[in-house]
file data.txt (compact mmCIF, C-alpha atoms (C1' of nucleotides))
# COMPACT_ATOMS: atom_id res chain seq x y z
CA MET A 1 120.02 108.91 110.34
CA ALA A 2 116.31 108.87 109.68
CA SER A 3 114.05 110.85 111.96
CA ARG A 4 111.39 109.01 113.82
CA SER A 5 108.56 109.98 111.51
CA THR A 6 110.60 109.08 108.44
CA GLN A 7 111.26 105.74 110.06
CA ILE A 8 107.51 105.28 110.45
CA LEU A 9 106.86 106.22 106.85
CA GLU A 10 109.50 103.79 105.61
CA ALA A 11 107.84 101.10 107.66
CA ALA A 12 104.44 102.13 106.30
CA ALA A 13 105.70 101.73 102.74
CA ARG A 14 106.92 98.24 103.60
CA VAL A 15 103.69 97.25 105.34
CA ILE A 16 101.55 98.63 102.53
CA ALA A 17 103.67 96.81 99.96
CA ARG A 18 103.26 93.60 101.96
CA ARG A 19 99.62 93.82 103.10
CA GLY A 20 98.02 96.54 101.04
CA VAL A 21 96.48 99.80 102.18
CA ARG A 22 93.43 98.10 103.57
CA GLY A 23 95.52 95.45 105.23
CA LEU A 24 97.57 98.01 107.10
CA ARG A 25 97.06 97.65 110.87
CA VAL A 26 98.30 100.50 112.99
CA GLU A 27 99.62 98.05 115.54
CA GLU A 28 101.52 96.12 112.89
CA LEU A 29 102.91 99.34 111.54
CA ALA A 30 104.06 100.30 115.03
CA ALA A 31 105.81 96.95 115.41
CA GLU A 32 107.42 97.23 111.97
CA ALA A 33 108.67 100.72 112.77
CA GLY A 34 109.75 99.71 116.25
CA VAL A 35 107.66 102.38 117.96
CA SER A 36 104.49 102.55 120.00
CA THR A 37 101.05 102.98 118.46
CA GLY A 38 100.72 106.23 120.33
CA LEU A 39 103.67 107.79 118.56
CA ILE A 40 102.05 107.15 115.22
CA TYR A 41 99.00 109.16 116.25
CA TYR A 42 101.29 111.77 117.77
CA HIS A 43 102.92 112.34 114.39
CA PHE A 44 100.12 111.62 111.93
CA LYS A 45 96.81 112.39 113.64
CA ASP A 46 94.90 109.37 112.37
CA ARG A 47 94.98 106.41 110.02
CA THR A 48 94.14 108.56 107.02
CA GLY A 49 97.00 110.87 107.97
CA ILE A 50 99.37 107.92 107.83
CA LEU A 51 98.17 107.09 104.32
CA ARG A 52 98.37 110.66 103.07
CA HIS A 53 101.91 111.14 104.34
CA THR A 54 102.99 107.76 103.05
CA LEU A 55 101.73 108.63 99.59
CA GLU A 56 103.75 111.82 99.68
CA PHE A 57 106.78 109.96 100.99
CA ILE A 58 106.59 107.33 98.28
CA ASN A 59 106.26 110.06 95.74
CA ASP A 60 109.35 111.88 96.90
CA ARG A 61 111.30 108.68 97.00
CA ALA A 62 110.29 107.78 93.46
CA GLU A 63 111.81 111.01 92.22
CA ARG A 64 115.10 109.98 93.73
CA TYR A 65 115.55 106.84 91.67
CA THR A 66 113.72 108.24 88.68
CA SER A 67 115.97 111.27 88.24
CA THR A 68 119.51 110.88 87.00
CA GLN A 69 121.51 110.78 90.19
CA ASP A 70 125.18 110.57 89.22
CA PRO A 71 126.51 114.04 88.26
CA ASP A 72 129.77 112.61 86.90
CA ALA A 73 128.06 110.22 84.52
CA GLU A 74 127.82 110.91 80.82
CA PRO A 75 124.83 113.25 80.38
CA LEU A 76 121.92 111.36 78.86
CA THR A 77 120.29 112.27 75.60
CA PRO A 78 116.61 113.23 76.01
CA ARG A 79 115.66 109.94 74.40
CA GLU A 80 117.78 107.97 76.87
CA GLU A 81 116.38 109.97 79.74
CA LEU A 82 112.85 109.23 78.56
CA ASP A 83 113.52 105.49 78.54
CA GLN A 84 115.18 105.86 81.92
CA VAL A 85 112.29 107.65 83.60
CA LEU A 86 109.77 105.09 82.42
CA LEU A 87 111.75 101.86 82.67
CA LEU A 88 113.10 102.57 86.11
CA GLU A 89 109.59 101.92 87.41
CA LEU A 90 109.78 98.38 86.11
CA GLN A 91 112.65 96.88 88.05
CA ASP A 92 112.55 93.92 90.34
CA THR A 93 114.37 95.54 93.25
CA PRO A 94 112.88 95.75 96.75
CA GLU A 95 112.67 99.54 96.66
CA VAL A 96 110.97 99.80 93.28
CA ARG A 97 108.69 96.87 93.94
CA GLU A 98 107.70 98.44 97.23
CA ASN A 99 107.03 101.78 95.62
CA SER A 100 105.08 100.32 92.73
CA SER A 101 102.95 98.11 94.85
CA ALA A 102 102.22 100.87 97.33
CA TRP A 103 101.44 103.22 94.46
CA GLY A 104 99.06 100.70 92.93
CA GLU A 105 97.34 100.21 96.25
CA LEU A 106 96.94 103.91 96.79
CA ARG A 107 95.60 104.30 93.26
CA ALA A 108 93.07 101.54 93.90
CA SER A 109 92.14 102.97 97.28
CA ALA A 110 91.59 106.40 95.80
CA VAL A 111 88.70 104.96 93.82
CA PHE A 112 86.85 104.67 97.11
CA ASP A 113 88.56 107.28 99.22
CA PRO A 114 88.14 110.89 98.10
CA VAL A 115 90.75 112.03 100.63
CA LEU A 116 93.53 110.45 98.58
CA ARG A 117 92.32 111.68 95.22
CA GLU A 118 93.70 115.18 95.27
CA ASP A 119 97.23 114.18 96.19
CA LEU A 120 97.15 111.36 93.70
CA ALA A 121 95.86 113.57 90.90
CA ARG A 122 98.54 116.14 91.58
CA ALA A 123 101.33 113.58 91.65
CA THR A 124 100.04 112.05 88.43
CA LEU A 125 99.89 115.42 86.73
CA VAL A 126 103.49 116.22 87.66
CA TRP A 127 104.59 112.86 86.34
CA VAL A 128 102.68 113.23 83.07
CA GLN A 129 104.14 116.68 82.54
CA GLU A 130 107.64 115.41 83.17
CA VAL A 131 107.19 112.74 80.52
CA ALA A 132 105.54 115.20 78.14
CA GLY A 133 108.53 117.50 78.59
CA LEU A 134 110.96 114.75 77.70
CA LEU A 135 108.88 113.76 74.69
CA GLY A 136 109.01 117.41 73.66
CA GLN A 137 112.79 117.38 73.80
CA VAL A 138 112.91 114.30 71.59
CA ARG A 139 110.33 115.63 69.14
CA PRO A 140 110.60 119.43 69.33
CA MET A 141 108.15 120.06 66.48
CA ALA A 142 105.24 118.16 68.01
CA PRO A 143 102.35 120.25 69.38
CA ALA A 144 101.93 120.37 73.14
CA ALA A 145 98.50 118.72 73.20
CA THR A 146 99.79 115.76 71.23
CA LEU A 147 102.78 115.41 73.53
CA ALA A 148 100.49 115.49 76.54
CA ALA A 149 98.28 112.76 75.08
CA SER A 150 101.29 110.53 74.42
CA ALA A 151 102.58 111.13 77.93
CA GLU A 152 99.21 110.25 79.42
CA ARG A 153 99.11 107.03 77.45
CA LEU A 154 102.65 106.03 78.34
CA THR A 155 102.19 106.65 82.04
CA ALA A 156 98.78 104.98 82.16
CA LEU A 157 100.21 102.02 80.27
CA LEU A 158 103.06 101.83 82.73
CA GLU A 159 100.59 101.70 85.61
CA GLY A 160 98.65 98.97 83.88
CA LEU A 161 101.76 96.91 83.12
CA SER A 162 103.00 97.43 86.64
CA MET A 163 99.80 96.03 88.13
CA ARG A 164 99.99 92.99 85.89
CA TRP A 165 103.58 92.45 86.84
CA LEU A 166 102.85 92.72 90.56
CA SER A 167 99.79 90.50 90.35
CA GLY A 168 101.93 87.86 88.75
CA GLY A 169 100.47 87.77 85.25
CA LEU A 170 103.35 89.35 83.39
CA ALA A 171 107.10 88.76 83.53
CA ILE A 172 109.12 91.88 84.24
CA ASP A 173 111.26 91.50 81.11
CA HIS A 174 108.22 91.25 78.92
CA ALA A 175 106.67 94.27 80.61
CA ARG A 176 109.84 96.24 79.89
CA THR A 177 109.83 95.17 76.26
CA LEU A 178 106.20 96.17 75.84
CA LEU A 179 106.88 99.55 77.37
CA ARG A 180 109.97 100.18 75.24
CA GLU A 181 107.97 99.37 72.12
CA ALA A 182 105.22 101.67 73.28
CA VAL A 183 107.71 104.52 73.52
CA GLU A 184 108.83 103.81 69.97
CA VAL A 185 105.28 103.64 68.76
CA GLU A 186 104.37 106.94 70.37
CA LEU A 187 107.51 108.63 69.02
CA ALA A 188 106.65 107.35 65.56
CA ARG A 189 103.24 108.92 65.96
CA LEU A 190 104.78 112.24 66.95
CA ASP A 191 106.85 112.17 63.73
CA ARG A 192 103.90 112.32 61.39
CA PRO A 193 100.95 114.36 62.61
CA MET B 1 60.32 90.82 89.96
CA ALA B 2 63.70 90.14 91.45
CA SER B 3 63.87 87.49 94.15
CA ARG B 4 65.11 88.53 97.52
CA SER B 5 68.59 87.11 97.00
CA THR B 6 68.92 88.74 93.58
CA GLN B 7 67.89 91.97 95.19
CA ILE B 8 70.71 91.51 97.70
CA LEU B 9 73.25 90.78 94.95
CA GLU B 10 72.24 93.86 92.98
CA ALA B 11 72.66 95.91 96.12
CA ALA B 12 76.02 94.25 96.74
CA ALA B 13 77.23 95.26 93.28
CA ARG B 14 76.24 98.84 94.02
CA VAL B 15 77.91 98.86 97.41
CA ILE B 16 81.11 97.33 96.04
CA ALA B 17 81.21 99.97 93.31
CA ARG B 18 80.81 102.62 95.99
CA ARG B 19 83.04 101.29 98.76
CA GLY B 20 85.16 98.55 97.27
CA VAL B 21 85.27 94.86 98.11
CA ARG B 22 87.09 95.45 101.35
CA GLY B 23 84.90 98.42 102.18
CA LEU B 24 81.72 96.38 101.96
CA ARG B 25 79.94 96.34 105.33
CA VAL B 26 77.29 93.73 105.81
CA GLU B 27 75.11 96.19 107.67
CA GLU B 28 75.39 98.74 104.89
CA LEU B 29 74.59 96.06 102.35
CA ALA B 30 71.49 95.16 104.34
CA ALA B 31 70.35 98.78 104.35
CA GLU B 32 71.05 99.16 100.63
CA ALA B 33 69.08 96.01 99.86
CA GLY B 34 66.31 96.98 102.27
CA VAL B 35 66.59 93.77 104.27
CA SER B 36 67.92 92.74 107.67
CA THR B 37 71.49 91.60 108.24
CA GLY B 38 70.21 88.24 109.36
CA LEU B 39 68.63 87.57 105.99
CA ILE B 40 71.95 88.04 104.26
CA TYR B 41 73.52 85.31 106.38
CA TYR B 42 70.41 83.19 105.86
CA HIS B 43 70.96 83.30 102.08
CA PHE B 44 74.76 83.52 101.77
CA LYS B 45 76.27 81.87 104.83
CA ASP B 46 79.01 84.43 105.45
CA ARG B 47 80.77 87.47 104.06
CA THR B 48 82.91 85.39 101.72
CA GLY B 49 79.75 83.80 100.39
CA ILE B 50 78.37 87.24 99.61
CA LEU B 51 81.56 88.14 97.74
CA ARG B 52 81.71 84.90 95.79
CA HIS B 53 78.11 85.16 94.65
CA THR B 54 78.43 88.84 93.85
CA LEU B 55 81.52 88.30 91.71
CA GLU B 56 79.67 85.59 89.82
CA PHE B 57 76.69 87.88 89.44
CA ILE B 58 78.82 90.73 88.13
CA ASN B 59 80.56 88.36 85.76
CA ASP B 60 77.32 87.13 84.25
CA ARG B 61 76.19 90.67 83.84
CA ALA B 62 79.40 91.74 82.09
CA GLU B 63 78.78 89.30 79.27
CA ARG B 64 75.62 91.18 78.49
CA TYR B 65 77.30 94.44 77.50
CA THR B 66 80.58 92.97 76.26
CA SER B 67 79.06 90.80 73.56
CA THR B 68 77.24 92.37 70.66
CA GLN B 69 73.70 92.05 71.83
CA ASP B 70 71.41 93.14 69.03
CA PRO B 71 71.16 90.41 66.37
CA ASP B 72 69.21 92.69 63.99
CA ALA B 73 71.87 95.38 63.96
CA GLU B 74 74.22 95.89 61.02
CA PRO B 75 77.13 93.45 61.47
CA LEU B 76 80.24 95.32 62.57
CA THR B 77 83.48 95.46 60.65
CA PRO B 78 86.45 93.97 62.54
CA ARG B 79 87.75 97.49 63.11
CA GLU B 80 84.43 98.63 64.57
CA GLU B 81 84.23 95.55 66.69
CA LEU B 82 87.74 96.23 68.01
CA ASP B 83 86.79 99.75 69.06
CA GLN B 84 83.59 98.38 70.53
CA VAL B 85 85.22 95.73 72.69
CA LEU B 86 87.69 98.21 74.14
CA LEU B 87 85.54 101.31 74.46
CA LEU B 88 82.59 99.53 76.03
CA GLU B 89 84.67 99.26 79.18
CA LEU B 90 84.88 103.03 79.37
CA GLN B 91 81.27 104.10 79.80
CA ASP B 92 79.84 106.05 82.66
CA THR B 93 76.84 103.83 83.29
CA PRO B 94 76.18 102.29 86.69
CA GLU B 95 76.57 98.79 85.30
CA VAL B 96 79.94 99.35 83.61
CA ARG B 97 81.24 101.44 86.47
CA GLU B 98 80.32 98.70 88.90
CA ASN B 99 82.04 96.09 86.80
CA SER B 100 85.16 98.16 86.23
CA SER B 101 85.44 98.94 89.92
CA ALA B 102 85.10 95.32 90.82
CA TRP B 103 87.70 94.34 88.23
CA GLY B 104 90.10 96.97 89.51
CA GLU B 105 89.53 95.79 93.07
CA LEU B 106 90.15 92.24 92.03
CA ARG B 107 93.36 93.19 90.20
CA ALA B 108 94.58 95.15 93.21
CA SER B 109 93.64 92.41 95.66
CA ALA B 110 95.49 89.81 93.62
CA VAL B 111 98.76 91.58 94.37
CA PHE B 112 98.35 90.48 97.98
CA ASP B 113 96.22 87.40 97.55
CA PRO B 114 97.79 84.57 95.52
CA VAL B 115 94.47 82.71 95.53
CA LEU B 116 92.99 85.22 93.10
CA ARG B 117 95.93 85.28 90.74
CA GLU B 118 95.16 82.22 88.69
CA ASP B 119 91.59 83.23 87.83
CA LEU B 120 92.70 86.73 87.06
CA ALA B 121 95.57 85.60 84.84
CA ARG B 122 93.24 83.29 82.92
CA ALA B 123 90.61 85.97 82.41
CA THR B 124 93.27 88.43 81.28
CA LEU B 125 94.71 85.93 78.81
CA VAL B 126 91.32 85.29 77.25
CA TRP B 127 90.76 89.00 76.90
CA VAL B 128 94.19 89.65 75.37
CA GLN B 129 93.65 86.85 72.87
CA GLU B 130 90.26 88.20 71.91
CA VAL B 131 91.78 91.61 71.20
CA ALA B 132 94.75 90.04 69.38
CA GLY B 133 92.28 88.12 67.24
CA LEU B 134 90.43 91.27 66.27
CA LEU B 135 93.69 93.07 65.52
CA GLY B 136 94.58 90.11 63.29
CA GLN B 137 91.36 90.54 61.35
CA VAL B 138 92.11 94.22 60.80
CA ARG B 139 95.77 93.60 59.87
CA PRO B 140 95.86 90.07 58.42
CA MET B 141 99.53 90.28 57.40
CA ALA B 142 100.90 91.08 60.87
CA PRO B 143 102.80 88.32 62.68
CA ALA B 144 101.11 86.73 65.67
CA ALA B 145 103.71 87.83 68.21
CA THR B 146 103.37 91.45 67.15
CA LEU B 147 99.60 91.24 67.35
CA ALA B 148 99.87 89.76 70.83
CA ALA B 149 102.17 92.56 71.99
CA SER B 150 99.78 95.20 70.67
CA ALA B 151 96.86 93.49 72.36
CA GLU B 152 98.74 93.34 75.65
CA ARG B 153 99.52 97.02 75.44
CA LEU B 154 95.99 98.03 74.56
CA THR B 155 94.40 96.01 77.33
CA ALA B 156 96.96 97.10 79.92
CA LEU B 157 96.46 100.68 78.83
CA LEU B 158 92.73 100.29 79.19
CA GLU B 159 93.18 99.03 82.72
CA GLY B 160 95.41 101.97 83.53
CA LEU B 161 93.02 104.49 82.03
CA SER B 162 90.10 102.86 83.77
CA MET B 163 91.77 103.21 87.15
CA ARG B 164 92.51 106.87 86.50
CA TRP B 165 88.96 107.46 85.44
CA LEU B 166 87.54 105.73 88.50
CA SER B 167 89.92 107.49 90.86
CA GLY B 168 88.74 110.79 89.49
CA GLY B 169 91.86 111.99 87.73
CA LEU B 170 90.69 111.55 84.18
CA ALA B 171 87.46 112.52 82.45
CA ILE B 172 85.75 109.63 80.72
CA ASP B 173 85.65 111.40 77.35
CA HIS B 174 89.34 112.08 77.46
CA ALA B 175 90.03 108.49 78.45
CA ARG B 176 88.03 107.31 75.45
CA THR B 177 89.91 109.64 73.13
CA LEU B 178 93.26 108.45 74.43
CA LEU B 179 92.24 104.84 73.94
CA ARG B 180 90.93 105.42 70.44
CA GLU B 181 94.18 107.10 69.48
CA ALA B 182 96.12 104.22 71.00
CA VAL B 183 94.24 101.82 68.74
CA GLU B 184 95.18 103.92 65.73
CA VAL B 185 98.79 104.14 66.84
CA GLU B 186 99.02 100.39 67.29
CA LEU B 187 97.37 99.73 63.94
CA ALA B 188 99.85 102.10 62.29
CA ARG B 189 102.64 100.10 63.87
CA LEU B 190 101.19 96.85 62.53
CA ASP B 191 101.24 98.36 59.03
CA ARG B 192 105.01 98.70 58.81
CA PRO B 193 106.98 95.97 60.50
C1' DT C 1 128.64 125.31 136.87
C1' DC C 2 124.59 123.50 138.93
C1' DC C 3 119.95 122.70 139.40
C1' DA C 4 115.04 124.05 138.58
C1' DT C 5 111.81 124.37 134.90
C1' DT C 6 109.98 123.53 130.51
C1' DT C 7 109.33 121.18 126.28
C1' DG C 8 108.01 117.69 123.39
C1' DA C 9 108.88 112.95 121.80
C1' DC C 10 107.35 108.83 123.33
C1' DT C 11 104.81 104.88 125.82
C1' DG C 12 101.28 101.51 127.01
C1' DA C 13 97.07 100.50 128.49
C1' DA C 14 92.32 101.81 128.68
C1' DA C 15 88.33 103.39 126.11
C1' DA C 16 85.70 103.79 122.18
C1' DT C 17 84.35 102.04 117.98
C1' DC C 18 83.61 98.96 114.41
C1' DC C 19 81.85 94.84 112.38
C1' DG C 20 81.05 89.97 111.20
C1' DG C 21 78.27 86.69 112.84
C1' DT C 22 74.41 84.60 116.00
C1' DC C 23 69.98 83.71 117.80
C1' DA C 24 65.48 83.93 119.83
C1' DG C 25 61.47 85.17 118.11
C1' DT C 26 57.66 86.93 114.61
C1' DG C 27 54.57 86.52 110.88
C1' DC C 28 52.77 84.06 107.22
C1' DC C 29 51.33 80.51 104.13
C1' DA C 30 50.24 75.77 102.84
C1' DT D 1 50.69 73.56 112.89
C1' DG D 2 54.93 73.00 110.81
C1' DG D 3 58.32 75.21 108.48
C1' DC D 4 60.22 78.90 105.74
C1' DA D 5 61.54 83.74 105.09
C1' DC D 6 62.67 87.14 107.74
C1' DT D 7 63.88 90.59 111.71
C1' DG D 8 66.87 93.22 114.70
C1' DA D 9 68.91 93.21 119.13
C1' DC D 10 72.92 91.50 120.71
C1' DC D 11 77.76 89.41 121.27
C1' DG D 12 82.63 89.45 121.36
C1' DG D 13 86.91 89.87 119.00
C1' DA D 14 89.57 92.99 116.35
C1' DT D 15 91.15 97.81 115.51
C1' DT D 16 91.40 102.45 116.06
C1' DT D 17 91.92 106.33 118.99
C1' DT D 18 92.76 108.71 123.25
C1' DC D 19 95.22 110.04 127.25
C1' DA D 20 97.70 110.33 131.60
C1' DG D 21 102.08 110.04 132.51
C1' DT D 22 107.49 109.13 131.77
C1' DC D 23 111.84 110.61 130.38
C1' DA D 24 115.64 112.91 128.23
C1' DA D 25 117.22 116.95 126.39
C1' DA D 26 117.03 121.97 126.11
C1' DT D 27 116.69 126.39 128.57
C1' DG D 28 117.95 129.66 131.63
C1' DG D 29 118.69 131.93 136.09
C1' DA D 30 121.87 132.46 140.03
call {"tool": "encode", "arguments": {"input": "data.txt", "output": "structure tokens"}}
result
Amino acid sequence: MASRSTQILEAAARVIARRGVRGLRVEELAAEAGVSTGLIYYHFKDRTGILRHTLEFINDRAERYTSTQDPDAEPLTPREELDQVLLLELQDTPEVRENSSAWGELRASAVFDPVLREDLARATLVWVQEVAGLLGQVRPMAPAATLAASAERLTALLEGLSMRWLSGGLAIDHARTLLREAVEVELARLDRP
Amino acid sequence: MASRSTQILEAAARVIARRGVRGLRVEELAAEAGVSTGLIYYHFKDRTGILRHTLEFINDRAERYTSTQDPDAEPLTPREELDQVLLLELQDTPEVRENSSAWGELRASAVFDPVLREDLARATLVWVQEVAGLLGQVRPMAPAATLAASAERLTALLEGLSMRWLSGGLAIDHARTLLREAVEVELARLDRP
DNA sequence: TCCATTTGACTGAAAATCCGGTCAGTGCCA
DNA sequence: TGGCACTGACCGGATTTTCAGTCAAATGGA
């Protein structure tokens, strides 16, 4: 049972995925969420507030499908978990597509909207550190700075591949293959410093 | 002595870099160019006309810094040329920043606008093939498919890094370092198949 | 238990604002 | 004096934002 504001944020993610951040109309969002325009301002202050909260919401949601959810399942090796965390962002399911396309939009918007930058930078940092941590488990002898650099490359590559996938220039399977190879390539690098 | 319409296009490039394609306001453009709004419509018909001509203008300008310009300079080795082609897109000069912003905007817009996809896909393909060609000169024994995959990764990574740079989450020097290392990592991969 | 009071989520329409596009008119040069 | 480059006030449709008021649920006093 989603609360009203969650319901609005879910709708916002859908609208942003469909029309883009700059194509988001408050009235359309209200219709999509099945509420009045007034309620949106009641909960989120203004249009920017909608965007900020939606970014946060998308972020939280990404953690849900990114983290291993099933506690009964065989525990993953660090290497498997690494693949998991990265490849789960390249799936052609409505939820992931929605998240990726909203994320891409917010990233692009942040270029011109300082308000979004801080949240975006923080979320990116957390993500990079998560990946760096997993890399560190797979290659325990590698120095932290090198791990961080690899993590930055892998996540930035994933964003780039994701945009190409969503803008129709790259098949999802090929994107996944490229990313898997990139992980191998980076791990090979971490072997010999 | 720039003609009036060139003056408007230069201003448009600056405004797009600052506010994005969808953030471009005709009135702001007029102020930036130091002309009246009416004159803009006199020269370019409508907003779409402004955008079309500006994209063309930016495109023409990109060729200037992408191609090796100085014919007297020492000819570059393939490896140097490879670094060149990639790293030239990560410079903090107004011209490159403007072009990168516009490219990022275009990429992001294409997710929601099928009309742009074809042009974008074609331009991307040309770019990937150029990089694959240079990689092939540096590693003549590598198979074509492997070269292509490396080129796709490097260009996608560059796009990802570029977005992070422009959205303020990544210092340009660090972005350049990450990219340079990525080139090395990919070349190492091409050494041992 | 019953009803008066308060709270706060919610609505819808009005108001304010934004913005692309128009147009009557000005100055200038051939 | 005809026409071209140019101006800037203005228009109206689209969007955002505000706000007076409704309603249902919680509170609490007798």
call {"tool": "residues_near_point", "arguments": {"input": "data.txt", "point": "(103.0, 107.3, 99.8)", "cutoff": "10 Å", "atoms": "all atoms listed in the file", "output": "ChimeraX atom specification"}}
result
/A:9-10,12-13,16,50-62,99,102-103,105-106,119-120
call {"tool": "calpha_fit_rmsd", "arguments": {"input": "data.txt", "fixed": "chain B", "moving": "chain A"}}
result
1.9 Å
call {"tool": "interface_residues", "arguments": {"input": "data.txt", "of": "chain D", "to": "chain B", "cutoff": "9 Å", "atoms": "only C-alpha atoms (C1' of nucleotides)", "output": "list in words"}}
result
DA5, DC6, DT7 and DG8 of chain D
call {"tool": "closest_atom_pairs", "arguments": {"input": "data.txt", "of": "chain C", "to": "chain B", "cutoff": "8 Å", "atoms": "only C-alpha atoms (C1' of nucleotides)", "output": "JSON lines"}}
result
{"residue": "C:DC19", "atom": "C1'", "partner": "B:Arg25", "partner_atom": "CA", "distance": 7.5}
{"residue": "C:DG20", "atom": "C1'", "partner": "B:Arg47", "partner_atom": "CA", "distance": 7.6}
{"residue": "C:DG21", "atom": "C1'", "partner": "B:Asp46", "partner_atom": "CA", "distance": 7.8}
call {"tool": "interface_residues", "arguments": {"input": "data.txt", "of": "chain B", "to": "chain A", "cutoff": "6 Å", "atoms": "all atoms listed in the file", "output": "count of residues only"}}
result
12
call {"tool": "atom_distance", "arguments": {"input": "data.txt", "atom1": "atom C1' of D:DT16", "atom2": "atom C1' of C:DT7"}}
result
27.9 Å
call {"tool": "residues_around", "arguments": {"input": "data.txt", "residues": "B:Asp191", "least_positions_apart": "5", "cutoff": "12 Å", "atoms": "all atoms listed in the file", "output": "mmCIF file with C-alpha atoms, keeping the file's coordinate frame"}}
result
data_model
loop_
_atom_site.group_PDB
_atom_site.id
_atom_site.type_symbol
_atom_site.label_atom_id
_atom_site.label_comp_id
_atom_site.auth_asym_id
_atom_site.auth_seq_id
_atom_site.Cartn_x
_atom_site.Cartn_y
_atom_site.Cartn_z
ATOM 1 C CA VAL A 185 105.280 103.640 68.760
ATOM 2 C CA LEU B 135 93.690 93.070 65.520
ATOM 3 C CA GLY B 136 94.580 90.110 63.290
ATOM 4 C CA VAL B 138 92.110 94.220 60.800
ATOM 5 C CA ARG B 139 95.770 93.600 59.870
ATOM 6 C CA PRO B 140 95.860 90.070 58.420
ATOM 7 C CA MET B 141 99.530 90.280 57.400
ATOM 8 C CA ALA B 142 100.900 91.080 60.870
ATOM 9 C CA PRO B 143 102.800 88.320 62.680
ATOM 10 C CA THR B 146 103.370 91.450 67.150
ATOM 11 C CA LEU B 147 99.600 91.240 67.350
ATOM 12 C CA GLU B 184 95.180 103.920 65.730
ATOM 13 C CA VAL B 185 98.790 104.140 66.840
ATOM 14 C CA GLU B 186 99.020 100.390 67.290
#
call {"tool": "residues_around", "arguments": {"input": "data.txt", "residues": "C:DC29", "least_positions_apart": "3", "cutoff": "12 Å", "atoms": "all atoms listed in the file", "output": "PyMOL selection string"}}
result
chain D and resi 1-5
call {"tool": "closest_residue", "arguments": {"input": "data.txt", "among": "A:Leu87, A:Asp173, A:Arg79, A:Val96", "to": "A:Gly133", "atoms": "only C-alpha atoms"}}
result
A:Arg79
call {"tool": "atom_distance", "arguments": {"input": "data.txt", "atom1": "atom C1' of D:DA26", "atom2": "atom C1' of C:DT6"}}
result
8.5 Å
call {"tool": "residues_around", "arguments": {"input": "data.txt", "residues": "D:DG28", "least_positions_apart": "3", "cutoff": "12 Å", "atoms": "all atoms listed in the file", "output": "NGL selection string"}}
result
:C and (2-6)
call {"tool": "residues_around", "arguments": {"input": "data.txt", "residues": "C:DA14", "least_positions_apart": "6", "cutoff": "12 Å", "atoms": "all atoms listed in the file", "output": "list in words"}}
result
DT17, DT18, DC19 and DA20 of chain D
call {"tool": "decode", "arguments": {"input": "data.txt", "residues": "stretch 82-93 of chain A", "atoms": "N, CA and C atoms", "output": "short mmCIF file (atom, residue, chain, number, x, y, z; two decimals), in the first residue's frame"}}
result
data_model
loop_
_atom_site.label_atom_id
_atom_site.label_comp_id
_atom_site.auth_asym_id
_atom_site.auth_seq_id
_atom_site.Cartn_x
_atom_site.Cartn_y
_atom_site.Cartn_z
N LEU A 82 29.91 -8.77 -8.13
CA LEU A 82 30.37 -7.64 -8.95
C LEU A 82 29.64 -7.62 -10.29
N ASP A 83 29.65 -8.77 -10.98
CA ASP A 83 28.92 -8.88 -12.24
C ASP A 83 27.46 -8.50 -12.05
N GLN A 84 26.89 -9.05 -11.00
CA GLN A 84 25.49 -8.79 -10.66
C GLN A 84 25.19 -7.30 -10.60
N VAL A 85 25.94 -6.62 -9.71
CA VAL A 85 25.69 -5.20 -9.46
C VAL A 85 25.74 -4.40 -10.75
N LEU A 86 26.69 -4.71 -11.61
CA LEU A 86 26.82 -3.93 -12.83
C LEU A 86 25.80 -4.36 -13.89
N LEU A 87 25.66 -5.66 -14.10
CA LEU A 87 24.81 -6.12 -15.20
C LEU A 87 23.32 -5.94 -14.94
N LEU A 88 22.96 -5.86 -13.67
CA LEU A 88 21.54 -5.66 -13.37
C LEU A 88 21.01 -4.33 -13.89
N GLU A 89 21.95 -3.41 -14.17
CA GLU A 89 21.51 -2.11 -14.70
C GLU A 89 21.27 -2.18 -16.20
N LEU A 90 21.64 -3.29 -16.79
CA LEU A 90 21.41 -3.45 -18.23
C LEU A 90 20.45 -4.61 -18.47
N GLN A 91 19.19 -4.38 -18.10
CA GLN A 91 18.17 -5.38 -18.36
C GLN A 91 17.00 -4.70 -19.01
N ASP A 92 16.39 -5.39 -19.95
CA ASP A 92 15.25 -4.78 -20.62
C ASP A 92 13.94 -5.12 -19.91
N THR A 93 13.84 -4.70 -18.66
CA THR A 93 12.57 -4.83 -17.93
C THR A 93 12.05 -3.42 -17.69
#
